[in-house]
There are 2 protein chains.
Amino acid sequence: MDVAVMHSALVIGTGLMGTSVALALRARGVTVYLRDVDSAAARTAASLGAGTVQPPTETVDLAIVAVPPPLVGKVLADAQGRHLARHYTDVASVKAETQHDVVDLRCDTSCYIGGHPMAGASRSGPLKARGDLFEGRSWALTPTADTDTETLNMALELVTLCGAVPVLMEAAVHDRAVALVSHAPHVVASLVAMRLESAEEREVSLAGPGLRDLTRIAEADAQLWLDILGGNAAAVADLLDELGADLSEMVAGLRAMAATDEAKRSSGTKTVGTMLRRGMSGRSRISGKHGRQPERFESVTVLIGDQQGELARLLTDADRADVNIEDIRIEHATGRQAGLVHVSVAPGMTAPLREALRTGGWHER
Amino acid sequence: MDVAVMHSALVIGTGLMGTSVALALRARGVTVYLRDVDSAAARTAASLGAGTVQPPTETVDLAIVAVPPPLVGKVLADAQGRHLARHYTDVASVKAETQHDVVDLRCDTSCYIGGHPMAGASRSGPLKARGDLFEGRSWALTPTADTDTETLNMALELVTLCGAVPVLMEAAVHDRAVALVSHAPHVVASLVAMRLESAEEREVSLAGPGLRDLTRIAEADAQLWLDILGGNAAAVADLLDELGADLSEMVAGLRAMAATDEAKRSSGTKTVGTMLRRGMSGRSRISGKHGRQPERFESVTVLIGDQQGELARLLTDADRADVNIEDIRIEHATGRQAGLVHVSVAPGMTAPLREALRTGGWHER
């Protein structure tokens with residue numbers, strides 16, 4: 001029978017990720033055993049209601065190895081040697097290296113499947129853990145040809161119990177995917193932000209919301225990201241090389257656009273235009289909310305004052321329109337106590353929203 | 001006497017920018033004359049209350065040349081030849097090229113000053129014009145050694161009447177500044193988004209809010225941006241070359257991090273870490289709201305359902321805390337009808353906010 005039912009789990013490593021998984025499983029009635037080389041961390045997790053620090057009295061259904069990526073193979077080999085669980089998974093952010101370690105250390109690869117929940121927090125440790133950390137997030141699983149179907153199903157149940165959405169892929173594909181959608185973009189944001197370091201104050205004063213959004217992720221803790229990039233350095237470097245080639249082509253196009261020769265200018269314009277349009281097309285692939293296909297929302301923009309309660313009053317008035325507000329973006333004005341609020345609704349729903357806002361005395365921009 | 005007082009203005013070119021300037025000046029009681037080669041556009045602007053299409057009966061205080069950048073010099077020379085105004089400015093998004101044209105065409109450079117309001121819209125034409133388009137935005141002015149003080153003061157009055165914040169700089173500095181804070185970042189966002197074009201669906205499914213924010217500006221109209229980049233192509237190419245050099249250094253650092261040699265790995269880690277930290281430092285230079293020095297807000301995160309009114313209810317409850325909400329970010333969850341709302345307040349103000357939200361029945365994440 002292939003349908004996995006999880007009754008008991010062992011979480012090895014009670015940091016942020018392990019404790020969050022434990023809390024999620026406890027909330028769904030699973031018996032959870034906690035283990036950490038730092039017994040204080042395990043006790044802290046237990047005190048949060050994540051499970052018990054007592055050793056399991058029998059072989060558990062699933063062991064979740066939630067230790068730093070370089071240690072996953074060793075910890076897995078040890079746990080399997082002691083037959084602690086029927087199935088095993090991990091939550092390391094990089095998968096190919098872990099996969100190699102698992103094979104090198106002669107682990108049983110039939111009852112192990114790699115995993116990576118796409119969630120985290122800027123701080124580590126069990127105290128920052130939340131049972132709903134994975135709610136609605138993607139959770140990559142990296143089965144191999146060796147992986148038992150029952151092990152895969154047990155991992156799928158883990159993902160479901162944690163409220164996440166499973167995405168199956170090969171380890172190498174996973175590492176390239178996170179390099180593409182997370183690691184390389186992070187590096188790019190840092191490089192763009194780095195160029196502001198030596199800029200003049202009046203140059204920086206011209207910056208608008210576009211640049212602020214683009215560089216937001218560059219604010220993240222450098223040490224944390226150094227660790228993340230360290231585990232996927234080759235894949236990130238490969239992607240940045242591809243990006244570098246595109247960048248060179250773009251620069252050549254722009255230089256041609258700046259040329260005096262008409263034919264050169266026209267060819268440069270064509271190159272740059274094609275790349276901008278391909279950017280639009282790539283961007284359209286990033287799914288909108290709720291994992292649906294991207295949807296173009298329409299937005300209504302109003303000016304609000306900076307007084308307390310303005311935004312709540314605006315949204316209360318907007319609700320009178322009886323339309324679902326899909327997104328909100330606040331753009332604060334430079335040098336004054338006011339801001340623009342862009343309220344996004346489904347296409348075609350702006351008319352009732354406009355009417356409701358007008359009735360509420362708001363001025364559309 | 002150097003204090004400029006604007007009684008009358010002539011707007012030449014009644015597109016989005018010209019008509020918006022005209023509307024702003026009319027709202028402040030300035031007599032505004034409208035002119036456009038397309039007389040229908042001028043009449044549309046007049047019908048919006050932007051001024052009169054009747055020719056001025058006397059020399060106006062200020063003429064605002066709001067035509068496409070390549071035409072500014074010619075239109076300025078013509079207007080000066082007919083003594084239409086005592087002072088002249090323009091609103092072109094690129095300044096050095098315009099400056100050259102103005103000199104080449106032997107315009108009177110003492111009564112002309114270049115200008116560039118940092119505002120716009122995704123659509124053009126007078127119908128999209130708004131008198132408050134420039135409210136709170138930076139407005140670059142590019143005086144030269146030739147510029148009369150009275151002309152500078154008249155331009156400063158224009159900026160003030162439009163509700164904008166003047167920033168004085170040389171034309172070349174301006175062009176480099178917009179390349180730095182707007183044009184080059186736009187290209188980078190397009191290049192990152194372009195790499196998603198050929199990605200597999202499951203790779204794209206791992207994308208999170210960081211990538212979405214980073215690539216948001218790549219959604220903008222490609223043709224519009226092709227025009228913008230065309231006017232500043234050399235400066236943008238120079239900046240992208242610098243960025244390309246940083247990118248190469250980053251790739252070398254990452255490759256070293258992936259090496260087996262310990263000393264190499266350590267040197268690579270140092271390179272990448274330094275660059276990430278410099279990115280954090282550059283990012284911190286982008287001013288926060290209201291043009292003040294960047295301020296680190298603290299945020300409280302709660303889960304909301306997708307039902308209509310949830311956000312308004314949340315903000316109404318938050319207002320009970322009697323703290324000013326500085327920013328709001330909504331992060332929609334993949335695959336479910338729920339989202340995380342990050343509510344930012346001034347440092348130290350999270351405690352009362354937490355209390356108010358708890359009282360309102362909200363669950364902090």
# chains A, B, ... in the order shown; residues from 1 in each chain; ligands from 1
$ residues_around --residues "Ala346 of chain A" --least-positions-apart "2" --cutoff "9 Å" --atoms "only C-alpha atoms" --output "PyMOL selection string"
chain A and resi 295-299+323-326+344+348-350
$ residues_around --residues "segment 184-197 of chain B" --least-positions-apart "3" --cutoff "8 Å" --atoms "only C-alpha atoms" --output "ChimeraX atom specification"
/A:180,185,188,192,211,214,243,246-247,275-276,278-283,285 /B:179-181,204,214-218,236-237,239-240
$ residues_around --residues "segment 44-58 of chain A" --least-positions-apart "3" --cutoff "8 Å" --atoms "only C-alpha atoms" --output "ChimeraX atom specification"
/A:10,14,19-20,22-23,26,31-35,40-41,84,126-127
$ atom_distance --atom1 "atom CA of Ala172 of chain A" --atom2 "atom CA of Gly244 of chain B"
26.9 Å
$ select_by_dssp --residues "segment 69-298 of chain A" --states "strand (DSSP E)" --output "PDB file with C-alpha atoms, in the first residue's frame"
ATOM      1  CA  ALA A  85      13.015   5.684  11.156  1.00  0.00           C
ATOM      2  CA  ARG A  86      11.382   3.939   8.216  1.00  0.00           C
ATOM      3  CA  HIS A  87      11.821   6.978   5.949  1.00  0.00           C
ATOM      4  CA  TYR A  88      14.214   9.925   5.915  1.00  0.00           C
ATOM      5  CA  THR A  89      14.300  13.437   4.474  1.00  0.00           C
ATOM      6  CA  ASP A  90      16.191  16.682   5.047  1.00  0.00           C
ATOM      7  CA  TYR A 112      15.748   8.806   1.764  1.00  0.00           C
ATOM      8  CA  ILE A 113      14.456  11.767  -0.216  1.00  0.00           C
ATOM      9  CA  GLY A 114      15.960  15.258  -0.313  1.00  0.00           C
ATOM     10  CA  GLY A 115      13.715  18.197   0.550  1.00  0.00           C
ATOM     11  CA  HIS A 116      13.881  21.977   0.646  1.00  0.00           C
ATOM     12  CA  PRO A 117      11.025  24.109   1.931  1.00  0.00           C
ATOM     13  CA  SER A 138       6.702  25.751  -2.282  1.00  0.00           C
ATOM     14  CA  TRP A 139       8.597  22.739  -0.884  1.00  0.00           C
ATOM     15  CA  ALA A 140      11.010  21.103  -3.315  1.00  0.00           C
ATOM     16  CA  LEU A 141      11.472  17.328  -3.131  1.00  0.00           C
ATOM     17  CA  THR A 142      14.343  15.681  -5.018  1.00  0.00           C
ATOM     18  CA  VAL A 165       2.977  22.903  -1.932  1.00  0.00           C
ATOM     19  CA  PRO A 166       5.266  20.069  -3.133  1.00  0.00           C
ATOM     20  CA  VAL A 167       7.401  20.593  -6.242  1.00  0.00           C
ATOM     21  CA  LEU A 168       9.325  17.532  -7.482  1.00  0.00           C
ATOM     22  CA  GLU A 298      -5.737  47.260 -12.551  1.00  0.00           C
TER      23      GLU A 298
END
$ residues_around --residues "segment 229-231 of chain B" --least-positions-apart "6" --cutoff "12 Å" --atoms "only C-alpha atoms" --output "ChimeraX atom specification"
/A:250-251,253-259,265-266,268-273,276 /B:68-70,92-98,175-176,178-179,182-187,222-223,237
$ write_last_selection --atoms "C-alpha atoms" --output "compact mmCIF listing (two decimals), in the first residue's frame"
# COMPACT_ATOMS: atom_id res chain seq x y z
CA MET A 250 23.07 44.96 -23.99
CA VAL A 251 26.10 47.26 -23.61
CA GLY A 253 23.47 47.51 -28.25
CA LEU A 254 23.49 50.71 -26.19
CA ARG A 255 26.88 51.80 -27.60
CA ALA A 256 25.51 51.24 -31.11
CA MET A 257 22.46 53.35 -30.17
CA ALA A 258 24.84 56.16 -29.20
CA ALA A 259 26.73 55.95 -32.52
CA ARG A 265 21.97 53.13 -34.38
CA SER A 266 19.12 51.21 -35.93
CA GLY A 268 21.52 48.87 -31.64
CA THR A 269 17.92 49.96 -31.13
CA LYS A 270 16.76 46.59 -32.43
CA THR A 271 19.07 44.67 -30.05
CA VAL A 272 18.09 46.68 -26.97
CA GLY A 273 14.38 46.64 -27.85
CA LEU A 276 13.63 44.69 -23.14
CA PRO B 68 10.61 65.46 -27.08
CA PRO B 69 14.30 65.85 -26.11
CA PRO B 70 15.70 66.01 -29.69
CA ALA B 92 13.51 66.63 -21.07
CA SER B 93 14.66 63.45 -19.33
CA VAL B 94 18.23 63.78 -20.64
CA LYS B 95 20.18 67.00 -20.18
CA ALA B 96 23.68 66.92 -21.72
CA GLU B 97 22.51 66.37 -25.30
CA THR B 98 19.91 69.14 -24.94
CA ASP B 175 22.54 62.16 -16.96
CA ARG B 176 24.88 59.93 -15.01
CA VAL B 178 19.52 58.99 -13.82
CA ALA B 179 21.60 56.29 -15.50
CA SER B 182 16.93 54.58 -12.98
CA HIS B 183 18.19 53.59 -16.44
CA ALA B 184 20.88 51.01 -15.59
CA PRO B 185 18.74 49.39 -12.83
CA HIS B 186 15.90 49.11 -15.34
CA VAL B 187 18.17 47.29 -17.79
CA ALA B 222 9.56 48.33 -23.79
CA GLN B 223 9.10 51.02 -26.46
CA ALA B 237 26.52 51.67 -21.19
$ closest_residue --among "A:Pro143, A:Gly120, A:Gly13, A:Gly81" --to "chain B" --atoms "only C-alpha atoms"
A:Gly120
$ atom_distance --atom1 "atom CA of Ser39 of chain B" --atom2 "atom CA of Ala27 of chain B"
22.7 Å
$ closest_residue --among "A:Glu364, A:Glu262, A:Glu249, A:Glu219" --to "chain B" --atoms "only C-alpha atoms"
A:Glu219
$ atom_distance --atom1 "atom CA of Val75 of chain B" --atom2 "atom CA of Asp148 of chain B"
20.3 Å
$ closest_residue --among "A:Leu224, A:Leu105, A:Ala79, A:Ala263" --to "chain B" --atoms "only C-alpha atoms"
A:Leu224
$ closest_residue --among "B:Ala171, B:Ala220, B:Ile228, B:Ala351" --to "chain A" --atoms "only C-alpha atoms"
B:Ala220
$ closest_residue --among "B:Pro352, B:Gly360, B:Gly163, B:Gly125" --to "chain A" --atoms "only C-alpha atoms"
B:Gly163
$ select_by_dssp --residues "segment 71-202 of chain B" --states "alpha helix (DSSP H)" --output "PyMOL selection string"
chain B and resi 72-81+96-104+149-161+171-178+184-194+201-202
$ write_last_selection --atoms "N, CA and C atoms" --output "compact mmCIF listing (two decimals), in the first residue's frame"
# COMPACT_ATOMS: atom_id res chain seq x y z
N VAL B 72 14.06 70.01 -28.33
CA VAL B 72 14.11 71.10 -27.35
C VAL B 72 14.93 72.29 -27.87
N GLY B 73 16.14 72.03 -28.40
CA GLY B 73 17.00 73.12 -28.87
C GLY B 73 16.34 73.97 -29.93
N LYS B 74 15.76 73.31 -30.92
CA LYS B 74 15.11 74.00 -32.04
C LYS B 74 13.92 74.84 -31.56
N VAL B 75 13.09 74.25 -30.74
CA VAL B 75 11.91 74.95 -30.23
C VAL B 75 12.31 76.13 -29.35
N LEU B 76 13.38 75.94 -28.56
CA LEU B 76 13.86 77.02 -27.70
C LEU B 76 14.39 78.18 -28.54
N ALA B 77 15.18 77.85 -29.57
CA ALA B 77 15.75 78.89 -30.44
C ALA B 77 14.63 79.71 -31.09
N ASP B 78 13.60 79.02 -31.56
CA ASP B 78 12.47 79.68 -32.19
C ASP B 78 11.75 80.61 -31.21
N ALA B 79 11.48 80.10 -30.00
CA ALA B 79 10.76 80.89 -29.00
C ALA B 79 11.57 82.12 -28.58
N GLN B 80 12.89 81.93 -28.41
CA GLN B 80 13.74 83.06 -28.03
C GLN B 80 13.79 84.09 -29.14
N GLY B 81 13.85 83.59 -30.40
CA GLY B 81 13.88 84.49 -31.56
C GLY B 81 12.65 85.40 -31.60
N ALA B 96 22.43 66.52 -21.07
CA ALA B 96 23.68 66.92 -21.72
C ALA B 96 23.47 67.17 -23.22
N GLU B 97 22.76 66.25 -23.86
CA GLU B 97 22.51 66.37 -25.30
C GLU B 97 21.73 67.66 -25.60
N THR B 98 20.72 67.93 -24.78
CA THR B 98 19.91 69.14 -24.94
C THR B 98 20.79 70.38 -24.79
N GLN B 99 21.65 70.33 -23.78
CA GLN B 99 22.57 71.44 -23.51
C GLN B 99 23.44 71.72 -24.74
N HIS B 100 23.97 70.67 -25.35
CA HIS B 100 24.77 70.82 -26.57
C HIS B 100 23.97 71.46 -27.70
N ASP B 101 22.75 70.94 -27.89
CA ASP B 101 21.89 71.48 -28.94
C ASP B 101 21.66 72.97 -28.74
N VAL B 102 21.39 73.35 -27.49
CA VAL B 102 21.09 74.74 -27.15
C VAL B 102 22.28 75.64 -27.51
N VAL B 103 23.48 75.16 -27.23
CA VAL B 103 24.69 75.94 -27.56
C VAL B 103 24.91 75.96 -29.07
N ASP B 104 24.78 74.78 -29.71
CA ASP B 104 24.98 74.68 -31.16
C ASP B 104 24.04 75.60 -31.92
N THR B 149 20.90 84.46 -12.44
CA THR B 149 20.30 84.11 -11.15
C THR B 149 18.78 84.22 -11.20
N GLU B 150 18.29 85.25 -11.93
CA GLU B 150 16.84 85.42 -12.00
C GLU B 150 16.17 84.24 -12.72
N THR B 151 16.86 83.70 -13.72
CA THR B 151 16.33 82.54 -14.44
C THR B 151 16.29 81.33 -13.52
N LEU B 152 17.37 81.15 -12.76
CA LEU B 152 17.41 80.06 -11.79
C LEU B 152 16.27 80.20 -10.79
N ASN B 153 16.09 81.43 -10.28
CA ASN B 153 15.03 81.66 -9.28
C ASN B 153 13.64 81.42 -9.87
N MET B 154 13.45 81.79 -11.16
CA MET B 154 12.16 81.56 -11.80
C MET B 154 11.90 80.05 -11.91
N ALA B 155 12.96 79.28 -12.25
CA ALA B 155 12.82 77.83 -12.34
C ALA B 155 12.52 77.24 -10.96
N LEU B 156 13.18 77.78 -9.93
CA LEU B 156 12.93 77.31 -8.56
C LEU B 156 11.48 77.58 -8.17
N GLU B 157 10.96 78.74 -8.63
CA GLU B 157 9.57 79.02 -8.31
C GLU B 157 8.64 78.04 -9.03
N LEU B 158 8.98 77.73 -10.29
CA LEU B 158 8.20 76.74 -11.04
C LEU B 158 8.13 75.42 -10.27
N VAL B 159 9.30 74.96 -9.82
CA VAL B 159 9.39 73.68 -9.10
C VAL B 159 8.53 73.74 -7.83
N THR B 160 8.65 74.84 -7.11
CA THR B 160 7.89 75.01 -5.86
C THR B 160 6.39 75.04 -6.13
N LEU B 161 5.98 75.80 -7.17
CA LEU B 161 4.55 75.87 -7.50
C LEU B 161 4.01 74.50 -7.88
N ALA B 171 24.51 69.18 -16.09
CA ALA B 171 23.80 68.32 -17.04
C ALA B 171 24.41 66.92 -17.10
N ALA B 172 25.74 66.85 -17.18
CA ALA B 172 26.39 65.54 -17.29
C ALA B 172 26.19 64.73 -16.01
N VAL B 173 26.24 65.42 -14.86
CA VAL B 173 26.02 64.74 -13.58
C VAL B 173 24.59 64.20 -13.53
N HIS B 174 23.64 65.02 -14.01
CA HIS B 174 22.25 64.57 -14.07
C HIS B 174 22.11 63.29 -14.88
N ASP B 175 22.70 63.30 -16.07
CA ASP B 175 22.54 62.16 -16.96
C ASP B 175 23.15 60.90 -16.36
N ARG B 176 24.27 61.07 -15.67
CA ARG B 176 24.88 59.93 -15.01
C ARG B 176 24.03 59.49 -13.82
N ALA B 177 23.46 60.48 -13.12
CA ALA B 177 22.63 60.15 -11.95
C ALA B 177 21.41 59.34 -12.35
N VAL B 178 20.71 59.76 -13.42
CA VAL B 178 19.52 58.99 -13.82
C VAL B 178 19.92 57.64 -14.41
N ALA B 184 20.12 52.26 -15.71
CA ALA B 184 20.88 51.01 -15.59
C ALA B 184 20.12 49.97 -14.74
N PRO B 185 19.54 50.37 -13.59
CA PRO B 185 18.74 49.39 -12.83
C PRO B 185 17.60 48.79 -13.66
N HIS B 186 16.98 49.62 -14.50
CA HIS B 186 15.90 49.11 -15.34
C HIS B 186 16.42 48.01 -16.27
N VAL B 187 17.58 48.28 -16.89
CA VAL B 187 18.17 47.29 -17.79
C VAL B 187 18.49 46.00 -17.03
N VAL B 188 19.04 46.13 -15.82
CA VAL B 188 19.40 44.96 -15.02
C VAL B 188 18.15 44.14 -14.68
N ALA B 189 17.09 44.81 -14.29
CA ALA B 189 15.84 44.10 -13.98
C ALA B 189 15.35 43.34 -15.22
N SER B 190 15.48 43.97 -16.40
CA SER B 190 15.06 43.31 -17.64
C SER B 190 15.91 42.07 -17.91
N LEU B 191 17.23 42.19 -17.66
CA LEU B 191 18.12 41.06 -17.94
C LEU B 191 17.83 39.89 -16.99
N VAL B 192 17.59 40.19 -15.71
CA VAL B 192 17.26 39.13 -14.75
C VAL B 192 15.93 38.47 -15.15
N ALA B 193 14.96 39.28 -15.53
CA ALA B 193 13.65 38.75 -15.94
C ALA B 193 13.77 37.92 -17.22
N MET B 194 14.65 38.37 -18.12
CA MET B 194 14.86 37.69 -19.41
C MET B 194 15.31 36.25 -19.19
N GLU B 201 8.79 25.46 -15.87
CA GLU B 201 7.68 25.89 -15.02
C GLU B 201 7.96 25.62 -13.55
N ARG B 202 8.52 24.42 -13.25
CA ARG B 202 8.75 24.08 -11.83
C ARG B 202 9.87 24.93 -11.24
$ closest_residue --among "B:Lys264, B:His363, B:Arg358, B:Arg212" --to "chain A" --atoms "only C-alpha atoms"
B:Arg212
